[in-house]
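Trainee: For reference, this is model_27.txt, and it has compact mmCIF, C-alpha atoms.
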```txt
# COMPACT_ATOMS: atom_id res chain seq x y z
CA MET A 15 -35.02 -19.94 37.10
CA ILE A 16 -34.87 -16.35 35.80
CA ARG A 17 -33.25 -15.20 39.03
CA ASN A 18 -30.52 -17.86 38.67
CA LEU A 19 -29.94 -16.89 35.04
CA LEU A 20 -29.60 -13.21 35.98
CA ARG A 21 -27.23 -14.11 38.79
CA PHE A 22 -25.13 -16.16 36.36
CA LEU A 23 -25.02 -13.34 33.80
CA GLY A 24 -24.06 -10.93 36.55
CA TRP A 25 -21.09 -13.12 37.50
CA VAL A 26 -20.06 -13.40 33.83
CA CYS A 27 -20.16 -9.60 33.44
CA LEU A 28 -18.15 -9.18 36.62
CA LEU A 29 -15.49 -11.65 35.47
CA VAL A 30 -15.25 -9.93 32.08
CA CYS A 31 -14.82 -6.54 33.76
CA VAL A 32 -12.17 -7.91 36.13
CA ALA A 33 -10.31 -9.61 33.26
CA THR A 34 -10.45 -6.42 31.19
CA GLY A 35 -9.15 -4.41 34.12
CA VAL A 36 -6.28 -6.84 34.69
CA VAL A 37 -5.30 -6.76 31.00
CA ALA A 38 -5.49 -2.94 31.00
CA LEU A 39 -3.31 -2.75 34.12
CA VAL A 40 -0.74 -5.15 32.67
CA TYR A 41 -0.76 -3.15 29.42
CA PHE A 42 -0.09 0.20 31.06
CA LEU A 43 2.69 -1.23 33.22
CA SER A 44 4.38 -2.99 30.29
CA GLU A 45 7.32 -1.89 28.16
CA ARG A 46 6.79 -1.18 24.46
CA PRO A 47 7.44 -4.77 23.17
CA GLN A 48 4.92 -6.21 25.64
CA LYS A 49 2.39 -3.50 24.76
CA VAL A 50 2.71 -4.32 21.06
CA ALA A 51 2.24 -8.04 21.80
CA ILE A 52 -0.96 -7.34 23.76
CA GLU A 53 -2.23 -4.99 21.05
CA GLN A 54 -1.57 -7.60 18.38
CA ARG A 55 -3.81 -10.09 20.19
CA VAL A 56 -6.58 -7.52 20.58
CA LEU A 57 -6.27 -6.37 16.97
CA ASP A 58 -6.47 -9.97 15.75
CA ALA A 59 -9.95 -10.08 17.28
CA VAL A 60 -10.85 -6.58 16.03
CA ASP A 61 -9.81 -7.48 12.48
CA VAL A 62 -12.24 -10.39 12.37
CA VAL A 63 -14.88 -7.65 12.20
CA ARG A 64 -12.87 -4.85 10.57
CA GLU A 65 -11.70 -6.91 7.57
CA ASP A 66 -14.81 -9.07 7.16
CA GLY A 67 -15.89 -7.37 3.94
CA THR A 68 -19.55 -7.15 5.00
CA THR A 69 -19.07 -4.84 7.99
CA PRO A 70 -20.77 -1.43 7.54
CA ARG A 71 -18.39 1.35 6.52
CA LYS A 72 -19.11 3.42 9.66
CA VAL A 73 -18.10 0.51 11.86
CA VAL A 74 -14.92 -0.06 9.84
CA ASP A 75 -14.07 3.65 10.13
CA ALA A 76 -14.55 3.55 13.91
CA LEU A 77 -12.37 0.44 14.24
CA ASP A 78 -9.73 2.03 12.00
CA ARG A 79 -9.58 5.03 14.32
CA LEU A 80 -9.32 2.70 17.31
CA ALA A 81 -6.50 0.74 15.66
CA ASP A 82 -4.62 3.95 14.85
CA GLN A 83 -4.35 4.65 18.58
CA THR A 84 -2.28 1.50 19.12
CA VAL A 85 1.50 1.32 18.96
CA ALA A 86 1.24 -1.73 16.70
CA VAL A 87 -0.50 0.22 13.92
CA ARG A 88 0.75 3.74 14.60
CA GLY A 89 4.36 2.54 14.51
CA ASP A 90 7.39 4.79 14.63
CA VAL A 91 7.30 8.33 13.29
CA VAL A 92 10.81 9.25 12.15
CA LEU A 93 11.71 12.92 12.55
CA ALA A 94 12.21 14.49 9.12
CA PRO A 95 11.67 17.78 7.29
CA ALA A 96 8.29 18.35 5.69
CA PRO A 97 8.20 16.83 2.18
CA ASP A 98 7.37 18.74 -0.98
CA ALA A 99 3.58 18.75 -0.82
CA ALA A 100 3.22 18.58 -4.62
CA ALA A 101 5.79 15.84 -5.29
CA THR A 102 4.78 12.35 -6.44
CA ALA A 103 7.27 10.92 -3.92
CA PRO A 104 7.88 12.57 -0.53
CA TYR A 105 11.70 12.61 -0.47
CA GLY A 106 12.66 12.01 -4.06
CA GLU A 107 11.65 9.30 -6.49
CA PRO A 108 13.49 5.96 -6.30
CA THR A 109 17.02 6.04 -7.67
CA ASP A 110 18.94 3.18 -9.23
CA ARG A 111 22.08 2.22 -11.13
CA LEU A 112 20.23 1.32 -14.32
CA GLY A 113 19.69 4.80 -15.67
CA LEU A 114 15.92 4.47 -15.85
CA LYS A 115 14.00 6.93 -18.00
CA ARG A 116 11.85 9.24 -15.86
CA LEU A 117 8.40 9.75 -17.40
CA PRO A 118 6.39 12.49 -15.64
CA ASN A 119 2.61 12.61 -16.09
CA ARG A 120 -0.16 14.80 -14.71
CA GLY A 121 -0.86 12.64 -11.67
CA TYR A 122 2.07 10.25 -11.40
CA THR A 123 5.66 9.55 -12.50
CA VAL A 124 7.17 6.36 -13.91
CA GLY A 125 10.72 5.02 -13.90
CA TYR A 126 10.93 3.09 -17.17
CA ASP A 127 13.49 0.50 -18.23
CA ASP A 128 13.72 0.38 -22.03
CA GLY A 129 16.07 -2.58 -21.76
CA LEU A 130 13.40 -4.92 -20.36
CA PRO A 131 11.13 -3.19 -21.61
CA ALA A 132 8.90 -2.41 -18.60
CA PRO A 133 8.31 0.12 -15.82
CA ARG A 134 10.36 -0.45 -12.68
CA TRP A 135 8.34 1.89 -10.48
CA SER A 136 5.48 4.33 -10.45
CA SER A 137 4.92 7.01 -7.79
CA TYR A 138 1.87 9.12 -7.01
CA ARG A 139 0.35 11.28 -4.29
CA VAL A 140 -3.28 11.05 -3.20
CA PHE A 141 -5.30 13.27 -0.87
CA PRO A 142 -8.91 13.91 0.24
CA TYR A 143 -11.04 14.05 -2.90
CA ARG A 144 -14.55 14.35 -4.25
CA ASP A 145 -15.66 10.91 -5.46
CA VAL A 146 -16.69 11.76 -9.01
CA HIS A 147 -17.16 8.86 -11.40
CA LEU A 148 -15.31 9.25 -14.70
CA GLU A 149 -15.88 6.83 -17.55
CA ARG A 150 -13.02 4.39 -17.89
CA PRO A 151 -11.01 4.90 -21.11
CA SER A 152 -11.70 2.20 -23.67
CA SER A 153 -8.13 1.48 -24.75
CA PHE A 154 -4.47 1.45 -23.77
CA ARG A 155 -1.87 3.45 -25.69
CA SER A 156 1.78 2.98 -26.56
CA ASP A 157 4.02 5.63 -24.96
CA PRO A 158 6.05 7.46 -27.65
CA ARG A 159 8.53 8.64 -25.00
CA THR A 160 9.87 5.09 -24.67
CA ALA A 161 12.28 3.50 -27.14
CA ALA A 162 10.48 0.15 -26.86
CA ARG A 163 7.00 1.51 -27.64
CA VAL A 164 5.26 -1.60 -26.34
CA THR A 165 1.86 -2.09 -27.98
CA THR A 166 -1.38 -3.41 -26.53
CA SER A 167 -1.40 -6.28 -29.05
CA GLU A 168 1.48 -7.88 -27.13
CA TYR A 169 -0.96 -8.67 -24.31
CA VAL A 170 -3.69 -10.21 -26.51
CA ARG A 171 -4.47 -13.84 -25.58
CA SER A 172 -1.49 -13.86 -23.21
CA GLY A 173 -3.45 -15.01 -20.16
CA TYR A 174 -2.50 -11.81 -18.31
CA ASP A 175 -4.30 -8.54 -17.64
CA ARG A 176 -2.74 -5.20 -18.47
CA GLY A 177 -2.14 -4.27 -14.83
CA HIS A 178 -1.85 -0.62 -13.82
CA LEU A 179 0.91 0.54 -11.48
CA ALA A 180 -0.51 4.05 -10.89
CA PRO A 181 -4.21 3.13 -10.67
CA ASN A 182 -6.93 4.55 -12.87
CA TYR A 183 -9.36 5.31 -10.01
CA ALA A 184 -6.94 7.08 -7.67
CA ILE A 185 -5.54 9.32 -10.38
CA SER A 186 -8.97 10.09 -11.83
CA VAL A 187 -10.55 11.31 -8.58
CA CYS A 188 -7.50 13.32 -7.49
CA TYR A 189 -6.30 14.75 -10.82
CA GLY A 190 -9.14 14.57 -13.33
CA GLU A 191 -9.96 13.10 -16.73
CA GLU A 192 -6.79 13.93 -18.67
CA ALA A 193 -4.62 12.54 -15.89
CA GLN A 194 -6.78 9.41 -15.80
CA LYS A 195 -6.19 8.83 -19.52
CA GLU A 196 -2.45 8.90 -18.95
CA THR A 197 -2.67 5.91 -16.60
CA PHE A 198 -3.56 3.88 -19.72
CA LEU A 199 -0.15 4.53 -21.27
CA LEU A 200 1.61 1.18 -21.59
CA SER A 201 4.63 2.63 -19.80
CA ASN A 202 2.47 2.32 -16.65
CA ILE A 203 1.40 -1.27 -17.34
CA VAL A 204 2.79 -4.72 -16.49
CA PRO A 205 1.39 -8.24 -17.00
CA GLN A 206 -0.75 -9.25 -14.02
CA LEU A 207 -2.89 -12.33 -13.36
CA HIS A 208 -6.56 -11.43 -13.47
CA ALA A 209 -7.51 -12.68 -9.99
CA LEU A 210 -4.75 -10.56 -8.43
CA ASN A 211 -5.44 -7.53 -10.63
CA ALA A 212 -9.20 -7.56 -9.97
CA GLY A 213 -8.93 -9.02 -6.47
CA LEU A 214 -6.31 -8.53 -3.76
CA TRP A 215 -4.29 -5.85 -5.60
CA LYS A 216 -7.43 -3.83 -6.34
CA ASP A 217 -8.46 -4.21 -2.69
CA MET A 218 -5.12 -2.75 -1.62
CA GLU A 219 -5.48 0.19 -4.01
CA GLN A 220 -8.98 0.84 -2.71
CA ARG A 221 -7.81 0.53 0.90
CA ILE A 222 -5.43 3.43 0.28
CA MET A 223 -8.15 5.60 -1.25
CA LYS A 224 -11.09 4.68 1.00
CA ARG A 225 -9.32 4.23 4.33
CA TYR A 226 -5.77 5.61 4.38
CA VAL A 227 -6.68 8.96 2.83
CA GLU A 228 -9.65 9.24 5.19
CA ARG A 229 -7.40 8.66 8.20
CA TYR A 230 -4.13 10.32 7.21
CA GLY A 231 -4.95 12.97 4.60
CA THR A 232 -2.14 13.15 2.03
CA VAL A 233 -0.56 9.77 1.29
CA TRP A 234 2.35 8.99 -1.03
CA VAL A 235 2.43 5.66 -2.85
CA GLN A 236 5.34 4.10 -4.70
CA VAL A 237 4.60 0.83 -6.46
CA GLY A 238 6.26 -1.56 -8.85
CA PRO A 239 7.10 -5.08 -9.98
CA VAL A 240 9.81 -7.55 -9.01
CA PHE A 241 11.38 -9.36 -11.97
CA ALA A 242 13.33 -12.62 -11.96
CA SER A 243 16.97 -12.43 -13.01
CA PRO A 244 17.27 -13.73 -15.62
CA VAL A 245 13.72 -13.17 -16.85
CA THR A 246 12.01 -16.52 -17.42
CA LYS A 247 8.57 -15.55 -18.72
CA LYS A 248 7.38 -12.81 -21.07
CA VAL A 249 4.23 -11.40 -22.61
CA GLY A 250 5.35 -10.30 -26.05
CA ARG A 251 8.56 -8.48 -25.16
CA VAL A 252 7.39 -7.54 -21.63
CA PRO A 253 8.68 -9.61 -18.69
CA VAL A 254 6.14 -11.10 -16.29
CA PRO A 255 6.76 -10.01 -12.67
CA THR A 256 7.29 -12.58 -9.92
CA ALA A 257 5.86 -10.20 -7.28
CA PHE A 258 4.58 -6.66 -6.72
CA TRP A 259 5.50 -4.15 -4.02
CA MET A 260 3.99 -1.00 -2.51
CA VAL A 261 5.75 1.55 -0.31
CA ILE A 262 3.25 3.89 1.37
CA SER A 263 4.14 6.89 3.50
CA ASP A 264 2.50 9.81 5.26
CA TYR A 265 3.79 12.85 7.11
CA ASP A 266 2.67 13.63 10.66
CA GLU A 267 2.76 17.42 10.95
CA ALA A 268 2.03 17.35 14.68
CA VAL A 269 5.16 15.30 15.34
CA GLY A 270 7.22 16.63 12.43
CA GLY A 271 8.06 13.22 11.04
CA VAL A 272 7.35 10.57 8.44
CA ARG A 273 6.35 6.92 8.70
CA ALA A 274 6.14 4.29 6.00
CA ILE A 275 5.02 0.74 5.37
CA ALA A 276 5.97 -1.70 2.61
CA TYR A 277 3.93 -4.57 1.18
CA LEU A 278 5.32 -7.39 -0.99
CA VAL A 279 2.70 -9.53 -2.76
CA PRO A 280 3.60 -12.69 -4.74
CA HIS A 281 2.31 -12.78 -8.32
CA GLU A 282 -0.34 -15.44 -7.74
CA GLU A 283 -4.05 -15.84 -8.38
CA LYS A 284 -5.32 -14.20 -5.20
CA TRP A 285 -8.84 -12.81 -5.04
CA ARG A 286 -9.00 -11.83 -1.38
CA ASP A 287 -6.93 -11.84 1.81
CA ALA A 288 -8.09 -10.13 5.00
CA GLU A 289 -4.69 -10.61 6.68
CA LEU A 290 -2.54 -8.00 4.91
CA THR A 291 0.06 -8.16 7.67
CA ARG A 292 1.38 -11.36 6.08
CA TYR A 293 2.61 -9.19 3.16
CA VAL A 294 4.34 -6.52 5.29
CA VAL A 295 8.12 -6.36 4.77
CA SER A 296 10.85 -3.81 5.40
CA ILE A 297 11.52 -1.18 2.75
CA ARG A 298 15.10 -2.42 2.77
CA ARG A 299 13.82 -5.82 1.57
CA VAL A 300 12.13 -4.15 -1.40
CA GLU A 301 15.38 -2.34 -2.17
CA GLU A 302 17.24 -5.66 -2.15
CA LEU A 303 14.78 -7.22 -4.60
CA THR A 304 14.59 -4.27 -7.00
CA GLY A 305 17.92 -2.45 -6.83
CA LEU A 306 16.06 0.78 -6.03
CA ASP A 307 16.93 3.32 -3.33
CA PHE A 308 13.90 4.93 -1.68
CA PHE A 309 13.74 8.39 -0.09
CA PRO A 310 17.13 9.44 -1.55
CA LYS A 311 16.82 13.03 -0.26
CA LEU A 312 16.78 11.91 3.37
CA LEU A 313 20.02 11.61 5.33
CA ARG A 314 21.27 8.01 5.54
CA PRO A 315 20.61 7.61 9.31
CA THR A 316 17.02 8.75 8.75
CA GLN A 317 16.64 6.34 5.83
CA ASP A 318 17.99 3.52 7.99
CA ARG A 319 15.45 4.18 10.73
CA LEU A 320 12.61 4.35 8.23
CA GLU A 321 13.59 1.40 6.07
CA SER A 322 15.30 -1.24 8.18
CA THR A 323 12.44 -2.61 10.27
CA PRO A 324 9.07 -3.82 8.93
CA ALA A 325 5.92 -2.23 10.32
CA SER A 326 4.45 -4.32 13.14
CA ARG A 327 1.09 -4.60 11.43
CA ALA A 328 -0.78 -3.54 8.32
CA TRP A 329 -2.26 -0.05 8.62
```
Would you write the structure of this file as structure tokens?

Mentor:
Amino acid sequence: MIRNLLRFLGWVCLLVCVATGVVALVYFLSERPQKVAIEQRVLDAVDVVREDGTTPRKVVDALDRLADQTVAVRGDVVLAPAPDAAATAPYGEPTDRLGLKRLPNRGYTVGYDDGLPAPRWSSYRVFPYRDVHLERPSSFRSDPRTAARVTTSEYVRSGYDRGHLAPNYAISVCYGEEAQKETFLLSNIVPQLHALNAGLWKDMEQRIMKRYVERYGTVWVQVGPVFASPVTKKVGRVPVPTAFWMVISDYDEAVGGVRAIAYLVPHEEKWRDAELTRYVVSIRRVEELTGLDFFPKLLRPTQDRLESTPASRAW
């Protein structure tokens, strides 16, 4: 009985090894599109563990490093000059035809539209940090640099959270207490449903800080809302977004190039979603929805390469 069981297990192990060898051989003989397709299947299985939410951090880190070796996650690195290491956006903050007011802060910058009134974008740079807990400020503040001077009372009993664009946690651990307080300026705030604000969106912010920074070092984040035209819903005077976007980029010094990924998340009650790839879009799509132009300091052919095609998979 035991001998038969061992023989059976031996055959199973042999078949698994043969199948793995065949897949590996096919993979190495394949062109790039076929390699990406094979990697996607493997990563689907890996992500069942990697994105489970209960998997130990060390295991997640190891699987992240494994995923980063694949073409599907690594993606294309576009040759470009090294960005300004201290800038909140790697190749210039988003430009537009609206004449947005630029509001610089200690850890981030905002492009503010007094006509709405609301921020159109926020940009910030994060990097390896010491995880020091700072007490969360108790209140939001009107920004005197804006003509609208939106007040916190406009959000009271609205059914929406005061949702940060540049996040409290990321700015606090990278730039300190005074910078953290500035994230509570209402020029950095938009109406956001609570489940999204405290759920999926927070998960994405934490993913950048806990996983992207660990893997890539310095990371630039540009984030903002999408508004309907014409605006159909408001909180006080502030329009309610229909969606939120993130454009995330890092610079590979070994290659001498930049890569980027864009996420577009509908403004819905969404606590969790392990499949972030469903929200991956091209940067060009975000430009179409917002009227913004990203990476304006790059030459147009370089922008086209970076912005035209969505990443194959969430990082």

Trainee: Report the distance between atom CA of Lys115 of chain A and atom CA of Lys248 of chain A in Å, rounded to one decimal place.

Mentor: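 Pair atom CA of Lys115 of chain A / atom CA of Lys248 of chain A returns 21.0 Å.
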
Trainee: Restricting the calculation to all atoms listed in the file, which member of A:Ile275, A:Leu207, A:Val56, A:Ala268 is positioned closest to Pro324 of chain A?

Mentor: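 That would be A:Ile275, the residue with the smallest distance to Pro324 of chain A.
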
Trainee: Within 9 Å of segment 176-178 of chain A, counting only C-alpha atoms, which residues qualify if same-chain residues fewer than 4 places away don't, as a PyMOL selection string?

Mentor: chain A and resi 154+166+169+182+197-198+200+202-208+211

Trainee: Can you tell me, as JSON, the centre and edge lengths (Å, one decimal) of the axis-aligned box enclosing all of segment 74-92 of chain A's listed atoms after padding each side by 6 Å?

Mentor:
```
{"center_x": -2.1, "center_y": 3.8, "center_z": 14.5, "size_x": 37.7, "size_y": 23.0, "size_z": 21.3}
```

Trainee: Which residue is closest to Ser167 of chain A? Choose from A:Val294, A:Ala100, A:Val252, A:Ala288 and count all atoms listed in the file.

Mentor: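 Using all atoms listed in the file, Ser167 of chain A sits closest to A:Val252.
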
Trainee: Nearest to Arg292 of chain A: which of A:Ser326, A:Thr304, A:Ser263, A:Gln317 is it, counting all atoms listed in the file?

Mentor: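 Smallest distance to Arg292 of chain A is found for A:Ser326.
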
Trainee: Could you tell me how far atom CA of Lys195 of chain A sits from atom CA of Pro239 of chain A, in Å to one decimal place?

Mentor: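 Atom-to-atom, atom CA of Pro239 of chain A and atom CA of Lys195 of chain A are spaced 21.5 Å apart.
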
Trainee: Which polymer residues have any atom within 9 Å of an atom of Ser186 of chain A, counting all atoms listed in the file, with same-chain residues fewer than 4 positions away left out, as an NGL selection string?

Mentor: :A and (121 or 146-148 or 181-182 or 190-195 or 197)

Trainee: Identify which of the residues A:Pro280, A:Pro131, A:Gly106, A:Pro244 lies closest to Leu306 of chain A, counting all atoms listed in the file when measuring atom-to-atom distances.

Mentor: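 Selected residue with least distance to Leu306 of chain A: A:Gly106.
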
Trainee: State, in Å with one decimal place, the distance from atom CA of Leu77 of chain A to atom CA of Gly270 of chain A.

Mentor: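 Result for atom CA of Leu77 of chain A versus atom CA of Gly270 of chain A: 25.5 Å, one decimal.
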
Trainee: Need to verify the contact set: Asp127 of chain A, 7 Å, all atoms listed in the file, exclusion of same-chain residues closer than 5 positions in sequence. Can you return it as a list of chain:residue names?

Mentor: A:Leu114, A:Lys115, A:Ala132, A:Pro133, A:Arg134

Trainee: Could you check which of A:Trp135, A:Gly250, A:Ala76, A:Ala96 is closest to Ala162 of chain A, using only C-alpha atoms?

Mentor: A:Gly250

Trainee: Do a neighbour search on Thr84 of chain A at 10 Å with all atoms listed in the file, toss out local chain neighbours closer than 6 positions, and write the hits as a PyMOL selection string.

Mentor: chain A and resi 49-50+53-54+57

Trainee: Find the spatial neighbours of Glu267 of chain A, counting all atoms listed in the file, within a cut-off of 12 Å - ignore same-chain residues fewer than 3 positions away - and output them as a short mmCIF file (atom, residue, chain, number, x, y, z; two decimals) with C-alpha atoms, in the coordinates of the input.

Mentor:
```
data_model
loop_
_atom_site.label_atom_id
_atom_site.label_comp_id
_atom_site.auth_asym_id
_atom_site.auth_seq_id
_atom_site.Cartn_x
_atom_site.Cartn_y
_atom_site.Cartn_z
CA VAL A 91 7.30 8.33 13.29
CA VAL A 92 10.81 9.25 12.15
CA LEU A 93 11.71 12.92 12.55
CA ALA A 94 12.21 14.49 9.12
CA PRO A 95 11.67 17.78 7.29
CA ALA A 96 8.29 18.35 5.69
CA PRO A 97 8.20 16.83 2.18
CA ALA A 99 3.58 18.75 -0.82
CA TYR A 230 -4.13 10.32 7.21
CA GLY A 231 -4.95 12.97 4.60
CA THR A 232 -2.14 13.15 2.03
CA ASP A 264 2.50 9.81 5.26
CA GLY A 270 7.22 16.63 12.43
CA GLY A 271 8.06 13.22 11.04
CA VAL A 272 7.35 10.57 8.44
CA ARG A 273 6.35 6.92 8.70
#
```

Trainee: Counting only C-alpha atoms, which residue out of A:Lys224, A:Pro255, A:Ala274, A:Thr160 sits closest to Asp75 of chain A?

Mentor: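 The shortest atom-to-atom distance to Asp75 of chain A comes from A:Lys224.
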